[in-house]
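One structure is given below, encoded as structure tokens.
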Amino acid sequence: MKKKRIVIALGHDALGTTLPEQHEATVKTAEAVAAFIQQDYSVVITHSNGPQVGMIHTAMSEFAKNHPDYTATPMSVCSAMSQGYIGYDLQNAIRSELLGRGIYKTVSTVLTQVSVDPYDEAFYKPSKVIGRVMTREEADAEEQKGNHVIEVEGGYRRVVATPKPLEIVEKDAIEALLDADQVVIACGGGGIPVLVQDRKLKGASAVVEKDTAAGFLAESIDADMLVILTGVDKVCLNYGKADEEALDFISIADAKKYLEEGQFEEGTMAPKIRAAIEFVGDSAIRKTLITKLDPSKPTIGGENGTMIGK
């Protein structure tokens, strides 16, 4: 009998920010992931990379500024670096936790590219703020390169597009590893956005929204469930207000209605709800669970968090 597949999407809380924080956080995260694996699910893990890719981008930009012989590092390369950097800690922490439970499975990080449409509307309206704070002169230099900048407190920062994913380039590799009963880490940070040009893949100056990518990954590999681990126990209506209401279950119809009403904040819960809606679709089988990372409660039965389905 084929194992049920779940995609676990890790948020910032599961990874930390600095190198020591990340190393410590991944040990805790590995406990939660290992518990799902111990329940005999076939597991794919995806993760955020905001602080990490920002750190890498800033470091590489500073290096290029101080060493004129070196060119600046494209965003796509910084994204690839962050996948390797985070995947390294994650796969080692999960492997160690599994061995401690008497489970031997290979844990593999797949450097994952996601193709996007060069005519996606997002390229005409870039909105994702990235990188370090720049001076006016540095911002002018970025604009001369064709990049977009926005004024922020203390200076200027780059903004890039957030196009929708079209295809996961390494999907067959992910499927092969799952079929071999391995644990897979893929589409880190939303995947590396690329443009398909004949036989070549060209890195795009963009970021695929991580929750969108998690739902797309789950749909692409025909997963049974998407588990989005975040910083809150449950999805709430009127979040942060006196009449806040935590929800145990949300139907797809209600999820759409709540989105239209503006119940969920952009940049936090709204992308997660959209990912759930896209993944579940018209399926009576697929479910999405949004909950807080808690190694002591590794269940997807609905007892913890908010379940979203038909």
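Going by the structure tokens order, chains are called A, B, ..., each with residues numbered from 1, while ligands are numbered from 1 in the order shown.
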> Could you write out, as a PyMOL selection string, all the residues of stretch 64-257 of chain A that DSSP marks as alpha helix (DSSP H)?
Replying inline: chain A and resi 64-66+75-100+136-144+171-179+210-220+252-257
For those residues, write C-alpha atoms to a file as a tab-separated table (two decimals), in the first residue's frame.
chain	number	residue	atom	x	y	z
A	64	ALA	CA	31.47	43.00	-4.80
A	65	LYS	CA	31.48	46.61	-3.63
A	66	ASN	CA	34.84	46.17	-1.89
A	75	MET	CA	19.38	36.89	-6.73
A	76	SER	CA	18.92	33.41	-8.21
A	77	VAL	CA	22.42	32.40	-7.09
A	78	CYS	CA	21.80	33.78	-3.59
A	79	SER	CA	18.61	31.71	-3.46
A	80	ALA	CA	20.57	28.60	-4.49
A	81	MET	CA	23.12	29.30	-1.75
A	82	SER	CA	20.37	29.61	0.85
A	83	GLN	CA	18.85	26.27	-0.19
A	84	GLY	CA	22.18	24.54	0.35
A	85	TYR	CA	22.94	26.38	3.59
A	86	ILE	CA	19.54	25.63	5.18
A	87	GLY	CA	19.24	22.15	3.68
A	88	TYR	CA	22.62	21.18	5.14
A	89	ASP	CA	21.50	21.90	8.70
A	90	LEU	CA	18.01	20.48	8.20
A	91	GLN	CA	19.03	17.19	6.63
A	92	ASN	CA	21.71	16.53	9.24
A	93	ALA	CA	19.38	17.37	12.13
A	94	ILE	CA	16.59	15.15	10.75
A	95	ARG	CA	19.00	12.30	10.01
A	96	SER	CA	20.36	12.45	13.56
A	97	GLU	CA	16.87	12.52	15.08
A	98	LEU	CA	15.72	9.57	12.97
A	99	LEU	CA	18.76	7.49	13.91
A	100	GLY	CA	18.03	8.26	17.56
A	136	ARG	CA	20.72	57.20	-2.84
A	137	GLU	CA	23.83	56.77	-5.01
A	138	GLU	CA	23.74	52.99	-4.65
A	139	ALA	CA	20.02	52.97	-5.41
A	140	ASP	CA	20.64	55.02	-8.57
A	141	ALA	CA	23.26	52.47	-9.64
A	142	GLU	CA	20.75	49.65	-9.12
A	143	GLU	CA	18.14	51.45	-11.20
A	144	GLN	CA	20.69	51.96	-13.98
A	171	LYS	CA	9.92	17.26	-9.88
A	172	ASP	CA	10.94	13.86	-11.29
A	173	ALA	CA	13.97	13.74	-8.99
A	174	ILE	CA	11.78	14.54	-5.97
A	175	GLU	CA	9.31	11.82	-7.00
A	176	ALA	CA	12.12	9.28	-7.46
A	177	LEU	CA	13.48	9.97	-3.98
A	178	LEU	CA	10.01	9.64	-2.46
A	179	ASP	CA	9.43	6.36	-4.29
A	210	LYS	CA	7.16	30.39	-0.18
A	211	ASP	CA	3.60	29.42	0.80
A	212	THR	CA	2.49	29.52	-2.83
A	213	ALA	CA	5.43	27.27	-3.72
A	214	ALA	CA	4.61	24.87	-0.86
A	215	GLY	CA	1.05	24.43	-2.12
A	216	PHE	CA	2.27	24.09	-5.69
A	217	LEU	CA	4.81	21.45	-4.64
A	218	ALA	CA	2.12	19.52	-2.75
A	219	GLU	CA	-0.18	19.60	-5.78
A	220	SER	CA	2.62	18.65	-8.20
A	252	ILE	CA	-12.81	26.12	1.15
A	253	ALA	CA	-15.93	28.25	0.60
A	254	ASP	CA	-15.45	30.03	3.94
A	255	ALA	CA	-11.71	30.44	3.34
A	256	LYS	CA	-12.48	32.31	0.10
A	257	LYS	CA	-15.09	34.43	1.86
Non-local contacts of A:Tyr239 (12 Å; only C-alpha atoms; under 4 positions in same chain excluded) as a PDB file with C-alpha atoms, in the first residue's frame:
ATOM      1  CA  VAL A 232       0.324  30.639  15.809  1.00  0.00           C
ATOM      2  CA  LYS A 234      -4.692  28.252  14.924  1.00  0.00           C
ATOM      3  CA  VAL A 235      -6.022  30.517  12.200  1.00  0.00           C
ATOM      4  CA  ASP A 243     -13.491  39.369  19.595  1.00  0.00           C
ATOM      5  CA  GLU A 244     -10.700  37.157  18.197  1.00  0.00           C
ATOM      6  CA  GLU A 245     -11.996  33.691  17.286  1.00  0.00           C
ATOM      7  CA  ALA A 246      -9.732  30.669  16.788  1.00  0.00           C
ATOM      8  CA  LEU A 247     -10.938  28.230  14.130  1.00  0.00           C
ATOM      9  CA  GLY A 262      -9.806  40.983   4.454  1.00  0.00           C
ATOM     10  CA  GLN A 263      -9.658  38.793   7.557  1.00  0.00           C
ATOM     11  CA  PHE A 264      -6.087  37.689   6.859  1.00  0.00           C
ATOM     12  CA  GLU A 265      -3.087  39.984   6.676  1.00  0.00           C
ATOM     13  CA  THR A 268       1.486  36.582   7.015  1.00  0.00           C
ATOM     14  CA  MET A 269      -1.694  34.471   6.997  1.00  0.00           C
TER      15      MET A 269
END
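Residue nearest A:Tyr124 within the list A:Val160, A:Ile8, A:Val183, A:Val152: A:Val160 [criterion: smallest interatomic distance, only C-alpha atoms].
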Tell me, as a short mmCIF file (atom, residue, chain, number, x, y, z; two decimals) with N, CA and C atoms, in the first residue's frame, which residues lie within 10 Å of A:Gly16, counting only C-alpha atoms; anything in the same chain fewer than 4 positions away does not count.
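Wrote it out as part-v3.cif, contents follow:
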data_model
loop_
_atom_site.label_atom_id
_atom_site.label_comp_id
_atom_site.auth_asym_id
_atom_site.auth_seq_id
_atom_site.Cartn_x
_atom_site.Cartn_y
_atom_site.Cartn_z
N GLY A 11 8.20 27.54 8.55
CA GLY A 11 8.31 28.99 8.56
C GLY A 11 9.56 29.47 9.28
N HIS A 12 9.63 30.76 9.52
CA HIS A 12 10.81 31.38 10.14
C HIS A 12 11.10 30.79 11.52
N PRO A 20 23.98 30.29 14.57
CA PRO A 20 23.72 29.53 15.81
C PRO A 20 22.23 29.29 16.05
N GLU A 21 21.39 30.30 15.76
CA GLU A 21 19.95 30.14 15.92
C GLU A 21 19.41 29.04 15.00
N GLN A 22 19.88 29.05 13.76
CA GLN A 22 19.42 28.05 12.80
C GLN A 22 19.80 26.65 13.24
N HIS A 23 21.04 26.50 13.70
CA HIS A 23 21.51 25.18 14.12
C HIS A 23 20.66 24.66 15.28
N GLU A 24 20.34 25.54 16.22
CA GLU A 24 19.53 25.14 17.38
C GLU A 24 18.08 24.88 16.96
N ALA A 25 17.53 25.75 16.10
CA ALA A 25 16.13 25.62 15.68
C ALA A 25 15.89 24.35 14.88
N THR A 26 16.84 23.97 14.03
CA THR A 26 16.64 22.79 13.20
C THR A 26 16.63 21.50 14.02
N ASN A 49 13.21 31.19 3.67
CA ASN A 49 14.64 31.53 3.64
C ASN A 49 14.88 33.03 3.73
N PRO A 51 15.44 35.58 6.09
CA PRO A 51 16.64 36.14 6.72
C PRO A 51 17.93 35.62 6.11
N GLN A 52 17.93 34.33 5.75
CA GLN A 52 19.15 33.71 5.24
C GLN A 52 19.54 34.26 3.87
#
> With only C-alpha atoms as the basis for distance, which of A:Gly305, A:Leu166, A:Val159, A:Thr291 is at the shortest distance from A:Tyr119?
Replying inline: A:Leu166
Pull the closest atom pair for each residue of stretch 67-159 of chain A that gets at most 7 Å from stretch 189-196 of chain A, along with the distance in Å to one decimal, counting only C-alpha atoms, ordering rows by chain and then ascending residue number, as a tab-separated table.
residue	atom	partner	partner_atom	distance
A:Ser76	CA	A:Ile192	CA	5.8
A:Ser79	CA	A:Ile192	CA	6.0
A:Ala80	CA	A:Ile192	CA	6.4
A:Thr112	CA	A:Gly191	CA	5.4
A:Gln113	CA	A:Ile192	CA	4.5
A:Val114	CA	A:Pro193	CA	4.9
A:Ser115	CA	A:Val194	CA	4.8
A:Val116	CA	A:Leu195	CA	5.8
A:Asp117	CA	A:Leu195	CA	6.9
A:Pro118	CA	A:Leu195	CA	6.6
For C-alpha atoms, I'd like the residues from the last selection saved as a PDB file, in the first residue's frame.
ATOM      1  CA  SER A  76      18.916  33.410  -8.209  1.00  0.00           C
ATOM      2  CA  SER A  79      18.613  31.707  -3.460  1.00  0.00           C
ATOM      3  CA  ALA A  80      20.571  28.597  -4.487  1.00  0.00           C
ATOM      4  CA  THR A 112      15.151  23.097  -6.780  1.00  0.00           C
ATOM      5  CA  GLN A 113      14.338  25.432  -9.657  1.00  0.00           C
ATOM      6  CA  VAL A 114      10.836  26.682 -10.410  1.00  0.00           C
ATOM      7  CA  SER A 115       9.991  28.015 -13.845  1.00  0.00           C
ATOM      8  CA  VAL A 116       7.980  31.233 -14.070  1.00  0.00           C
ATOM      9  CA  ASP A 117       6.286  33.144 -16.883  1.00  0.00           C
ATOM     10  CA  PRO A 118       8.391  36.106 -18.108  1.00  0.00           C
TER      11      PRO A 118
END
> Which is closest to A:Lys202 among A:Pro74, A:Ala161, A:Phe63, A:Thr58, if we use only C-alpha atoms?
Replying inline: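 When distances to A:Lys202 are compared using only C-alpha atoms, the smallest one comes from A:Pro74.
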>> I need the strand (DSSP E or B) residues of stretch 15-137 of chain A per DSSP on the backbone, written as a list of chain:residue names.
In response: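 Residues of stretch 15-137 of chain A classed as strand (DSSP E or B): A:Ser42, A:Val43, A:Val44, A:Ile45, A:Thr46, A:His47, A:Val107, A:Ser108, A:Thr109, A:Gln113, A:Val114, A:Ser115, A:Val116, A:Lys128, A:Val129, A:Ile130, A:Gly131, A:Arg132, A:Val133, A:Met134.
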> Which one is closest to A:Thr162: A:Asp181, A:Gly267, A:Lys241, A:Leu226? Count only C-alpha atoms.
Replying inline: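 Under the stated criterion, the closest residue is A:Gly267.
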